[in-house]
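Report on the following structure.
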Amino acid sequence: MPVNKTSSKAPPGRVRIIGGKWRGRKLPIMSYPELRPTPDRVRETLFNWLQPVIEGAVCLDLFAGTGVLGFEALSRGARRVVMVEQDSKFAGRLEQQRKHLETDDVEIIHAEALEWLKRTSESFDLVFLDPPFRKNLIPPSCEMLLNRRHLHPHSRVYIESEPGVCGSVVLTNKFRIFRQSHAGQVEYSLLECGQQAE
């Protein structure tokens, strides 16, 4: 997850769901420097962008980490969320959060993200990509999402990264930028597939 993010209003060690049926619920997170959840103001902007399409969506949180993007999506009306997390500690905490929220609409998968994409045949309406910075994980993830038909013509992909990553993805994989903004050193973008995923 990205560096230099603005902290949310929740106490350290917790993230707050900011909209929908679980609005105000605080989820405990593990205190590790690599876990940097998307801050409240960025999530609010993102889900304003997604408001017309989030209801009933099937979502993939490919580098789940704290799971805050996936749980926020469910809170706001997504039908199902698949969370993929490589670290066993974080995957275990995601399962605890799922039980805390008493939902069966989340599938927690402990696996390496790109390897899992090779194995699954499922397609998604919305994909969240918020991996650790400077690991070059976003371009191959986008390429695999398209080439292995995990997206359909109306799917959208959210990217949170250091500046400049989204532009290279658009040029290489022929996505379209639907919305884009910045928060400090973080660039966040919502991409559309258009007809490229047919």
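Quick note on naming: the chains in the structure tokens go A, B, ... in the order shown, residues restart at 1 in each chain, and ligands are numbered from 1 in order of appearance.
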
Strand (DSSP E or B) call set, DSSP backbone run, stretch 44-101 of chain A, as an mmCIF file with N, CA and C atoms, in the first residue's frame:
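Contents of out06.cif, freshly written:
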data_model
loop_
_atom_site.group_PDB
_atom_site.id
_atom_site.type_symbol
_atom_site.label_atom_id
_atom_site.label_comp_id
_atom_site.auth_asym_id
_atom_site.auth_seq_id
_atom_site.Cartn_x
_atom_site.Cartn_y
_atom_site.Cartn_z
ATOM 1 N N VAL A 58 -19.739 -6.990 -8.473
ATOM 2 C CA VAL A 58 -18.816 -8.033 -8.022
ATOM 3 C C VAL A 58 -17.415 -7.440 -8.099
ATOM 4 N N CYS A 59 -16.722 -7.413 -6.958
ATOM 5 C CA CYS A 59 -15.467 -6.663 -6.837
ATOM 6 C C CYS A 59 -14.299 -7.578 -6.504
ATOM 7 N N LEU A 60 -13.118 -7.155 -6.932
ATOM 8 C CA LEU A 60 -11.863 -7.817 -6.591
ATOM 9 C C LEU A 60 -10.941 -6.799 -5.938
ATOM 10 N N ASP A 61 -10.490 -7.093 -4.731
ATOM 11 C CA ASP A 61 -9.465 -6.295 -4.046
ATOM 12 C C ASP A 61 -8.188 -7.127 -4.110
ATOM 13 N N ARG A 80 -20.656 -8.694 -3.885
ATOM 14 C CA ARG A 80 -19.652 -9.666 -3.445
ATOM 15 C C ARG A 80 -18.278 -9.064 -3.639
ATOM 16 N N VAL A 81 -17.352 -9.404 -2.730
ATOM 17 C CA VAL A 81 -15.972 -8.939 -2.838
ATOM 18 C C VAL A 81 -15.033 -10.123 -2.633
ATOM 19 N N VAL A 82 -14.082 -10.285 -3.533
ATOM 20 C CA VAL A 82 -12.992 -11.244 -3.374
ATOM 21 C C VAL A 82 -11.758 -10.458 -2.958
ATOM 22 N N MET A 83 -11.162 -10.836 -1.829
ATOM 23 C CA MET A 83 -9.950 -10.186 -1.340
ATOM 24 C C MET A 83 -8.788 -11.165 -1.431
ATOM 25 N N VAL A 84 -7.733 -10.764 -2.119
ATOM 26 C CA VAL A 84 -6.539 -11.599 -2.265
ATOM 27 C C VAL A 84 -5.412 -10.952 -1.474
ATOM 28 N N GLU A 85 -4.793 -11.725 -0.593
ATOM 29 C CA GLU A 85 -3.712 -11.199 0.246
ATOM 30 C C GLU A 85 -2.627 -12.258 0.395
#

I'd like the contact shell of A:Glu95 - 12 Å cut-off, only C-alpha atoms, skipping same-chain residues fewer than 3 positions apart - returned as number ranges by chain. A: 27-29, 64-67, 71, 82-85, 88-92, 98-110

One decimal, Å: what's the distance from atom CA of A:Glu112 over to atom CA of A:Arg16, could you say?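 One can read the atom CA of A:Glu112 to atom CA of A:Arg16 distance as 26.4 Å.
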
Could you please write out, as a ChimeraX atom specification, every residue of stretch 6-116 of chain A that DSSP assigns to helix (DSSP H, G or I)? /A:40-50,68-75,88-101,113-116

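For the choices A:Ile159, A:Leu50, A:Gln180, A:Leu145, the atom-to-atom distance to A:Trp116 is smallest for A:Leu145 when using only C-alpha atoms.
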